[in-house]
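As stored in run-v1.tsv (TSV, C-alpha atoms):
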chain	number	residue	atom	x	y	z
A	1	MET	CA	45.39	89.91	-236.48
A	2	GLY	CA	44.84	86.17	-236.05
A	3	ASP	CA	44.10	85.75	-239.74
A	4	LEU	CA	47.25	87.63	-240.69
A	5	LYS	CA	49.38	85.40	-238.46
A	6	GLU	CA	47.94	82.27	-240.04
A	7	GLU	CA	48.48	83.80	-243.49
A	8	LEU	CA	52.10	84.57	-242.63
A	9	LYS	CA	52.75	81.04	-241.41
A	10	GLY	CA	51.41	79.66	-244.68
A	11	LYS	CA	53.52	82.04	-246.74
A	12	ILE	CA	56.66	81.26	-244.72
A	13	ILE	CA	56.19	77.52	-245.25
A	14	GLU	CA	55.46	77.87	-248.96
A	15	GLN	CA	57.97	80.52	-249.96
A	16	LEU	CA	60.85	79.22	-247.84
A	17	ASN	CA	60.21	75.59	-248.86
A	18	LEU	CA	59.89	74.31	-245.31
A	19	GLU	CA	59.13	70.66	-245.97
A	20	ASP	CA	57.22	68.62	-243.39
A	21	ILE	CA	56.23	71.68	-241.32
A	22	THR	CA	52.58	72.66	-240.99
A	23	VAL	CA	50.93	75.93	-240.03
A	24	ALA	CA	49.73	74.29	-236.80
A	25	GLU	CA	53.31	73.49	-235.79
A	26	ILE	CA	54.44	77.12	-235.84
A	27	ALA	CA	53.59	78.93	-232.61
A	28	ASP	CA	53.03	82.67	-232.77
A	29	ASP	CA	56.08	83.31	-230.58
A	30	ASP	CA	58.42	80.66	-232.03
A	31	PRO	CA	61.80	82.21	-232.98
A	32	LEU	CA	62.06	82.14	-236.78
A	33	PHE	CA	65.85	82.05	-236.79
A	34	GLY	CA	68.35	80.12	-234.68
A	35	ASP	CA	66.77	77.36	-232.59
A	36	GLY	CA	63.25	78.01	-233.87
A	37	LEU	CA	62.48	77.30	-237.51
A	38	GLY	CA	66.20	77.46	-238.30
A	39	LEU	CA	65.89	79.99	-241.10
A	40	ASP	CA	69.10	81.35	-242.66
A	41	SER	CA	70.32	84.60	-244.19
A	42	ILE	CA	68.85	83.85	-247.64
A	43	ASP	CA	65.50	83.20	-245.96
A	44	ALA	CA	65.77	86.62	-244.32
A	45	LEU	CA	66.24	88.23	-247.74
A	46	GLU	CA	63.28	86.24	-249.05
A	47	LEU	CA	61.12	87.58	-246.20
A	48	ILE	CA	62.19	91.14	-247.05
A	49	VAL	CA	61.04	90.58	-250.66
A	50	MET	CA	57.76	89.12	-249.36
A	51	LEU	CA	57.08	92.22	-247.22
A	52	ASP	CA	57.57	94.41	-250.28
A	53	LYS	CA	55.65	92.26	-252.75
A	54	ASP	CA	52.66	91.26	-250.61
A	55	TYR	CA	52.30	94.11	-248.12
A	56	GLY	CA	53.98	97.10	-249.82
A	57	ILE	CA	56.55	97.47	-247.04
A	58	ARG	CA	60.03	98.33	-248.25
A	59	LEU	CA	62.80	97.99	-245.69
A	60	SER	CA	65.56	100.47	-246.44
A	61	ASP	CA	67.95	98.80	-244.03
A	62	PRO	CA	68.06	94.96	-244.10
A	63	LYS	CA	69.23	95.06	-240.47
A	64	GLU	CA	65.71	96.16	-239.53
A	65	GLY	CA	64.67	92.63	-240.37
A	66	ARG	CA	66.43	91.25	-237.31
A	67	LYS	CA	63.76	92.64	-234.99
A	68	ILE	CA	60.82	92.36	-237.37
A	69	PHE	CA	61.45	88.69	-238.13
A	70	GLU	CA	61.90	87.53	-234.54
A	71	SER	CA	58.57	85.70	-234.60
A	72	VAL	CA	55.27	85.55	-236.50
A	73	GLU	CA	53.69	87.58	-233.69
A	74	ILE	CA	56.14	90.46	-234.13
A	75	MET	CA	56.01	90.26	-237.93
A	76	ALA	CA	52.22	90.46	-237.97
A	77	LYS	CA	52.23	93.48	-235.62
A	78	TYR	CA	54.77	95.28	-237.81
A	79	ILE	CA	52.80	94.52	-241.00
A	80	GLU	CA	49.54	95.76	-239.47
A	81	GLU	CA	51.19	99.06	-238.57
A	82	HIS	CA	53.09	99.63	-241.83
A	83	ARG	CA	51.28	97.87	-244.68
A	84	THR	CA	50.37	99.89	-247.78
A	85	LYS	CA	48.51	97.08	-249.52
B	1	MET	CA	109.23	56.84	-261.15
B	2	LYS	CA	106.31	54.71	-262.23
B	3	LYS	CA	103.06	56.66	-262.64
B	4	PRO	CA	100.47	55.43	-260.11
B	5	THR	CA	97.38	53.63	-261.35
B	6	TYR	CA	93.97	54.90	-260.40
B	7	HIS	CA	90.66	53.09	-260.27
B	8	ILE	CA	86.96	53.81	-260.45
B	9	LYS	CA	85.69	52.59	-257.08
B	10	SER	CA	82.01	53.07	-257.75
B	11	TYR	CA	79.60	54.97	-259.97
B	12	CYS	CA	76.02	56.16	-259.93
B	13	HIS	CA	73.43	57.06	-262.57
B	14	ILE	CA	70.25	59.06	-262.17
B	15	ARG	CA	68.35	59.28	-265.43
B	16	GLU	CA	65.08	58.28	-267.05
B	17	ASN	CA	63.28	57.94	-263.72
B	18	THR	CA	65.88	55.50	-262.44
B	19	VAL	CA	68.65	55.50	-259.83
B	20	SER	CA	71.39	52.92	-260.14
B	21	LEU	CA	74.63	52.26	-258.32
B	22	ASN	CA	77.46	50.30	-259.98
B	23	GLY	CA	75.06	49.24	-262.72
B	24	VAL	CA	72.48	47.88	-260.27
B	25	GLU	CA	69.06	49.49	-260.37
B	26	LEU	CA	68.08	50.74	-256.91
B	27	PHE	CA	64.96	52.79	-257.54
B	28	VAL	CA	62.50	53.51	-260.33
B	29	GLY	CA	60.18	56.50	-259.99
B	30	ASN	CA	56.89	57.34	-261.65
B	31	GLY	CA	56.18	59.94	-264.29
B	32	PRO	CA	58.18	62.53	-266.18
B	33	ASN	CA	58.04	65.34	-263.59
B	34	PHE	CA	61.57	65.91	-262.24
B	35	PRO	CA	60.66	67.69	-258.95
B	36	VAL	CA	58.26	64.86	-258.07
B	37	PHE	CA	60.80	62.22	-259.07
B	38	ILE	CA	63.74	63.68	-257.14
B	39	LYS	CA	61.61	64.12	-254.03
B	40	SER	CA	60.68	60.44	-254.23
B	41	VAL	CA	64.40	59.61	-254.50
B	42	TYR	CA	65.09	61.70	-251.39
B	43	LYS	CA	62.36	59.83	-249.49
B	44	LYS	CA	63.44	56.44	-250.82
B	45	PHE	CA	67.00	56.85	-249.56
B	46	LYS	CA	65.77	58.26	-246.24
B	47	VAL	CA	67.90	61.38	-246.40
B	48	ASP	CA	67.31	63.74	-243.48
B	49	TYR	CA	68.51	67.11	-244.74
B	50	PRO	CA	65.84	69.86	-244.84
B	51	LYS	CA	68.16	72.17	-246.84
B	52	PHE	CA	67.54	69.81	-249.79
B	53	PHE	CA	64.11	71.35	-250.31
B	54	LYS	CA	65.61	74.82	-250.70
B	55	MET	CA	67.98	73.75	-253.49
B	56	ASP	CA	67.35	74.31	-257.19
B	57	ASN	CA	66.72	71.29	-259.39
B	58	LEU	CA	70.30	70.98	-260.65
B	59	SER	CA	71.62	70.92	-257.09
B	60	LYS	CA	68.97	68.40	-256.05
B	61	LEU	CA	70.08	66.11	-258.88
B	62	ALA	CA	73.79	66.43	-258.08
B	63	PHE	CA	73.16	66.18	-254.34
B	64	MET	CA	71.18	62.93	-254.60
B	65	ALA	CA	73.66	61.31	-257.00
B	66	ALA	CA	76.50	62.17	-254.59
B	67	GLU	CA	74.39	61.01	-251.65
B	68	VAL	CA	73.72	57.60	-253.18
B	69	LEU	CA	77.39	57.15	-254.09
B	70	LEU	CA	79.12	58.59	-251.01
B	71	THR	CA	76.79	57.03	-248.44
B	72	LYS	CA	78.19	53.69	-249.51
B	73	GLU	CA	81.70	55.00	-248.80
B	74	ASN	CA	80.92	55.53	-245.09
B	75	LEU	CA	82.80	58.81	-244.91
B	76	GLY	CA	83.79	59.89	-241.43
B	77	SER	CA	81.34	62.51	-240.21
B	78	GLY	CA	83.76	64.34	-237.94
B	79	VAL	CA	86.75	64.45	-240.27
B	80	ASP	CA	87.76	66.40	-243.33
B	81	ASN	CA	87.30	64.13	-246.34
B	82	ASN	CA	89.90	64.91	-248.98
B	83	ILE	CA	87.71	64.21	-252.00
B	84	ALA	CA	87.94	66.68	-254.88
B	85	LEU	CA	84.93	67.39	-257.11
B	86	VAL	CA	85.14	67.69	-260.90
B	87	PHE	CA	81.77	68.06	-262.58
B	88	ALA	CA	80.59	69.13	-266.01
B	89	ASN	CA	77.38	69.64	-267.90
B	90	ARG	CA	75.89	71.18	-271.03
B	91	ALA	CA	73.04	73.38	-269.76
B	92	SER	CA	74.98	75.15	-266.99
B	93	SER	CA	72.35	76.60	-264.59
B	94	LEU	CA	69.97	77.53	-267.42
B	95	ASP	CA	66.95	75.97	-265.71
B	96	THR	CA	67.30	78.32	-262.73
B	97	ASP	CA	68.51	81.23	-264.87
B	98	ARG	CA	65.16	81.12	-266.68
B	99	LYS	CA	63.25	81.25	-263.39
B	100	HIS	CA	65.28	84.22	-262.28
B	101	GLY	CA	64.80	85.89	-265.68
B	102	ALA	CA	61.03	85.45	-265.45
B	103	SER	CA	60.97	87.18	-262.06
B	104	ILE	CA	62.62	90.34	-263.39
B	105	GLU	CA	61.12	90.71	-266.87
B	106	ASP	CA	58.16	92.83	-265.75
B	107	ASP	CA	59.19	96.29	-264.52
B	108	ASN	CA	55.87	96.62	-262.72
B	109	SER	CA	56.35	93.36	-260.84
B	110	TYR	CA	60.08	93.28	-260.24
B	111	TYR	CA	60.62	90.88	-257.35
B	112	PRO	CA	63.69	88.70	-257.91
B	113	SER	CA	63.88	85.89	-255.40
B	114	PRO	CA	67.19	85.77	-253.48
B	115	ALA	CA	66.65	82.02	-252.94
B	116	VAL	CA	66.47	81.49	-256.71
B	117	PHE	CA	69.24	83.94	-257.59
B	118	VAL	CA	71.85	82.18	-255.42
B	119	TYR	CA	71.54	79.13	-257.66
B	120	THR	CA	72.21	80.94	-260.94
B	121	LEU	CA	75.64	79.32	-261.22
B	122	PRO	CA	76.13	75.60	-261.90
B	123	ASN	CA	78.99	75.17	-259.41
B	124	ILE	CA	76.68	75.95	-256.47
B	125	CYS	CA	75.76	72.25	-256.51
B	126	LEU	CA	79.39	71.46	-255.66
B	127	GLY	CA	79.07	73.64	-252.57
B	128	GLU	CA	75.93	71.82	-251.48
B	129	ILE	CA	77.70	68.45	-251.74
B	130	SER	CA	80.80	69.80	-249.99
B	131	ILE	CA	78.76	71.16	-247.08
B	132	LYS	CA	76.87	67.89	-246.61
B	133	HIS	CA	79.94	65.65	-246.79
B	134	LYS	CA	82.45	68.04	-245.21
B	135	LEU	CA	84.66	68.25	-248.29
B	136	PHE	CA	87.21	71.07	-248.01
B	137	SER	CA	88.88	70.15	-251.25
B	138	GLU	CA	89.44	71.29	-254.83
B	139	ASN	CA	86.32	71.66	-256.94
B	140	SER	CA	85.65	72.62	-260.55
B	141	PHE	CA	82.64	72.76	-262.81
B	142	PHE	CA	83.02	72.78	-266.62
B	143	ILE	CA	80.55	73.44	-269.41
B	144	PHE	CA	80.82	71.33	-272.58
B	145	ASP	CA	78.64	70.63	-275.60
B	146	GLY	CA	78.46	67.00	-274.53
B	147	PHE	CA	79.88	64.39	-272.16
B	148	ASN	CA	83.67	64.77	-272.23
B	149	ALA	CA	85.36	61.75	-270.66
B	150	GLU	CA	88.80	62.82	-271.83
B	151	HIS	CA	88.70	66.09	-269.94
B	152	LEU	CA	87.34	64.47	-266.79
B	153	PHE	CA	90.07	61.84	-266.97
B	154	HIS	CA	92.98	64.25	-267.42
B	155	TYR	CA	91.77	66.80	-264.88
B	156	SER	CA	91.05	64.27	-262.14
B	157	SER	CA	94.27	62.32	-262.82
B	158	SER	CA	96.20	65.57	-262.50
B	159	LEU	CA	94.63	66.30	-259.11
B	160	LEU	CA	95.62	62.85	-257.88
B	161	ASP	CA	99.12	63.06	-259.42
B	162	LEU	CA	99.73	66.34	-257.63
B	163	ASN	CA	98.33	65.02	-254.34
B	164	LYS	CA	95.65	67.70	-254.38
B	165	ALA	CA	93.16	65.06	-253.28
B	166	GLU	CA	93.05	61.44	-252.14
B	167	GLU	CA	89.99	60.71	-254.25
B	168	VAL	CA	88.01	62.56	-256.91
B	169	LEU	CA	84.26	62.53	-257.39
B	170	CYS	CA	83.76	63.20	-261.09
B	171	GLY	CA	80.97	63.28	-263.58
B	172	TRP	CA	78.20	64.79	-265.59
B	173	VAL	CA	75.19	66.49	-264.01
B	174	ASP	CA	72.90	68.07	-266.56
B	175	LEU	CA	69.35	69.35	-266.18
B	176	ASP	CA	66.93	71.47	-268.15
B	177	GLU	CA	63.32	71.35	-266.96
B	178	ASN	CA	62.31	67.66	-267.00
B	179	ASN	CA	65.33	66.50	-268.99
B	180	TYR	CA	68.01	65.36	-266.57
B	181	GLU	CA	70.99	63.09	-266.34
B	182	ALA	CA	73.55	62.48	-263.61
B	183	PHE	CA	76.53	60.17	-263.91
B	184	LEU	CA	79.02	60.38	-261.06
B	185	TYR	CA	81.98	58.16	-260.33
B	186	LEU	CA	84.60	58.05	-257.60
B	187	VAL	CA	88.27	57.70	-258.56
B	188	SER	CA	90.85	56.54	-256.05
B	189	LYS	CA	94.06	54.58	-255.68
B	190	ASP	CA	92.05	51.65	-254.29
B	191	VAL	CA	90.96	48.67	-256.29
B	192	GLY	CA	88.21	48.86	-258.87
B	193	THR	CA	87.91	49.35	-262.60
B	194	LYS	CA	91.20	50.61	-264.01
B	195	TYR	CA	90.82	54.33	-264.69
B	196	SER	CA	90.91	55.33	-268.36
B	197	VAL	CA	88.94	57.36	-270.88
B	198	LYS	CA	87.64	54.12	-272.32
B	199	ALA	CA	86.46	52.93	-268.90
B	200	ILE	CA	84.64	56.21	-268.23
B	201	ASN	CA	82.87	56.06	-271.60
B	202	SER	CA	82.03	52.42	-271.05
B	203	LEU	CA	80.39	53.06	-267.66
B	204	TYR	CA	78.66	56.22	-268.89
Kindly present the structure from the file in structure tokens form.
Amino acid sequence: MGDLKEELKGKIIEQLNLEDITVAEIADDDPLFGDGLGLDSIDALELIVMLDKDYGIRLSDPKEGRKIFESVEIMAKYIEEHRTK
Amino acid sequence: MKKPTYHIKSYCHIRENTVSLNGVELFVGNGPNFPVFIKSVYKKFKVDYPKFFKMDNLSKLAFMAAEVLLTKENLGSGVDNNIALVFANRASSLDTDRKHGASIEDDNSYYPSPAVFVYTLPNICLGEISIKHKLFSENSFFIFDGFNAEHLFHYSSSLLDLNKAEEVLCGWVDLDENNYEAFLYLVSKDVGTKYSVKAINSLY
């Protein structure tokens, strides 16, 4: 799962245009929203698209994202359990 | 009652790899690539605003032109600044519209990006400037075939005449791929160049 977490950090930085942040600076348990990386609601939608496009996971209820996107750790666990590609 | 006289306090150009304020060149970038150029402008003026990197190219252009011009005005950070925004351009948000269009043209790979979609209107750049500078004022964005000083003059003068704003940030912000041009000016009752269609065209 370590590789997946590193992959997710890279995708988050690239797809959400997080300038001046490196993979090494994102801890597995850092909160992605609020005081952590400071992501916003559009970023949350972008992450939902990423789950669908890259891992074949379609969230029927965007509110599910609140728990799934708490941290890279939780995201990676969810993807491992639900991915279809 | 005598009609008040308005003035152009300051103006800014960003075009052809160059940033200038009140006719004085402040920065010259390298190469024809707009994203690279505007990032170098951001770095040059030491702006610390991570949201900049999430904006589309039109908003980045408008944002940096406003940044260069309004930073000089030393706006109060904790107060509401009553500066209206009146912008215009030719290409609307076409640059971003194309990116969005490309993301939805293949039915087998239909993944529109929400972060791109939110910029498929030209007036979003006004919102970005308003958020940064705490402007809770009137704002309008017009589409014309070309630079229209007369319209900018009459619309902004009307806002000032009706006390809808204390100052108006006006201008032209146009971008399509690597072709870009921003010309913004600030109109107020303070001293400066006397406000007229001729003056706008002359500075443009």
Kindly determine which residues of chain A lie within 12 Å of chain B, considering only C-alpha atoms, and give the answer as a CSV table (one decimal) with C-alpha atoms, in the frame of the given file.
chain,number,residue,atom,x,y,z
A,13,ILE,CA,56.2,77.5,-245.2
A,14,GLU,CA,55.5,77.9,-249.0
A,15,GLN,CA,58.0,80.5,-250.0
A,16,LEU,CA,60.8,79.2,-247.8
A,17,ASN,CA,60.2,75.6,-248.9
A,18,LEU,CA,59.9,74.3,-245.3
A,19,GLU,CA,59.1,70.7,-246.0
A,20,ASP,CA,57.2,68.6,-243.4
A,21,ILE,CA,56.2,71.7,-241.3
A,37,LEU,CA,62.5,77.3,-237.5
A,38,GLY,CA,66.2,77.5,-238.3
A,39,LEU,CA,65.9,80.0,-241.1
A,40,ASP,CA,69.1,81.4,-242.7
A,41,SER,CA,70.3,84.6,-244.2
A,42,ILE,CA,68.8,83.8,-247.6
A,43,ASP,CA,65.5,83.2,-246.0
A,44,ALA,CA,65.8,86.6,-244.3
A,45,LEU,CA,66.2,88.2,-247.7
A,46,GLU,CA,63.3,86.2,-249.0
A,47,LEU,CA,61.1,87.6,-246.2
A,48,ILE,CA,62.2,91.1,-247.0
A,49,VAL,CA,61.0,90.6,-250.7
A,50,MET,CA,57.8,89.1,-249.4
A,51,LEU,CA,57.1,92.2,-247.2
A,52,ASP,CA,57.6,94.4,-250.3
A,53,LYS,CA,55.6,92.3,-252.8
A,54,ASP,CA,52.7,91.3,-250.6
A,56,GLY,CA,54.0,97.1,-249.8
A,58,ARG,CA,60.0,98.3,-248.2
Task: Spatial sel., origin (55.1, 85.3, -235.6), limit 10 Å, all atoms listed in the file, listed as an MDAnalysis selection string - done: chainID A and resid 4:6 8:9 26:32 68:77
TODO: Provide the atom CA of B:Ser156 to atom CA of B:Cys125 distance in Å, to one decimal place.
DONE: 18.1 Å
Open item on the list: Using all atoms listed in the file, which protein or nucleic acid residues come within 9 Å of B:Leu203? Drop anything in the same chain fewer than 5 positions from it, and give the result as a ChimeraX atom specification.
Closed with: /B:11,22-23,183,198
Task: Neighbour list for stretch 15-21 of chain B as a PyMOL selection string, cut-off 7 Å, all atoms listed in the file, skip fewer than 4 positions in-chain - done: chain B and resi 11+25-30+37+180-182
Emit the selected residues as an mmCIF file, in the frame of the given file, including C-alpha atoms.
data_model
loop_
_atom_site.group_PDB
_atom_site.id
_atom_site.type_symbol
_atom_site.label_atom_id
_atom_site.label_comp_id
_atom_site.auth_asym_id
_atom_site.auth_seq_id
_atom_site.Cartn_x
_atom_site.Cartn_y
_atom_site.Cartn_z
ATOM 1 C CA TYR B 11 79.600 54.970 -259.970
ATOM 2 C CA GLU B 25 69.060 49.490 -260.370
ATOM 3 C CA LEU B 26 68.080 50.740 -256.910
ATOM 4 C CA PHE B 27 64.960 52.790 -257.540
ATOM 5 C CA VAL B 28 62.500 53.510 -260.330
ATOM 6 C CA GLY B 29 60.180 56.500 -259.990
ATOM 7 C CA ASN B 30 56.890 57.340 -261.650
ATOM 8 C CA PHE B 37 60.800 62.220 -259.070
ATOM 9 C CA TYR B 180 68.010 65.360 -266.570
ATOM 10 C CA GLU B 181 70.990 63.090 -266.340
ATOM 11 C CA ALA B 182 73.550 62.480 -263.610
#
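Atom CA of B:Ala84 is found 17.3 Å from atom CA of B:Ile200.
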Hey, can I get the axis-aligned box for stretch 133-141 of chain B? All listed atoms, 5 Å padding on each side, centre and edge lengths in Å to one decimal, as JSON.
{"center_x": 84.7, "center_y": 69.2, "center_z": -254.0, "size_x": 19.5, "size_y": 17.1, "size_z": 27.6}
Task: For B:Asn82, the nearest of the candidates B:Asn201, B:Lys134, B:Ile8, B:Ile143, counting all atoms listed in the file - done: B:Lys134
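Between atom CA of B:Ser188 and atom CA of B:Leu70 the interatomic distance comes to 12.9 Å.
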TODO: Select, from B:Thr96, B:Thr5, B:Asn33, B:Ser130, the residue with the minimum atom-to-atom distance to B:Leu160, counting all atoms listed in the file.
DONE: B:Thr5
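Nearest to B:Glu138 of all the residues B:Asp174, B:Asp107, B:Glu167, B:Asp190 is B:Glu167, based on all atoms listed in the file.
Remark: for B:Lys164, the closest of the candidate residues B:Phe136, B:Phe147, B:Tyr204, B:Tyr6 is B:Phe136 (distances computed over all atoms listed in the file).
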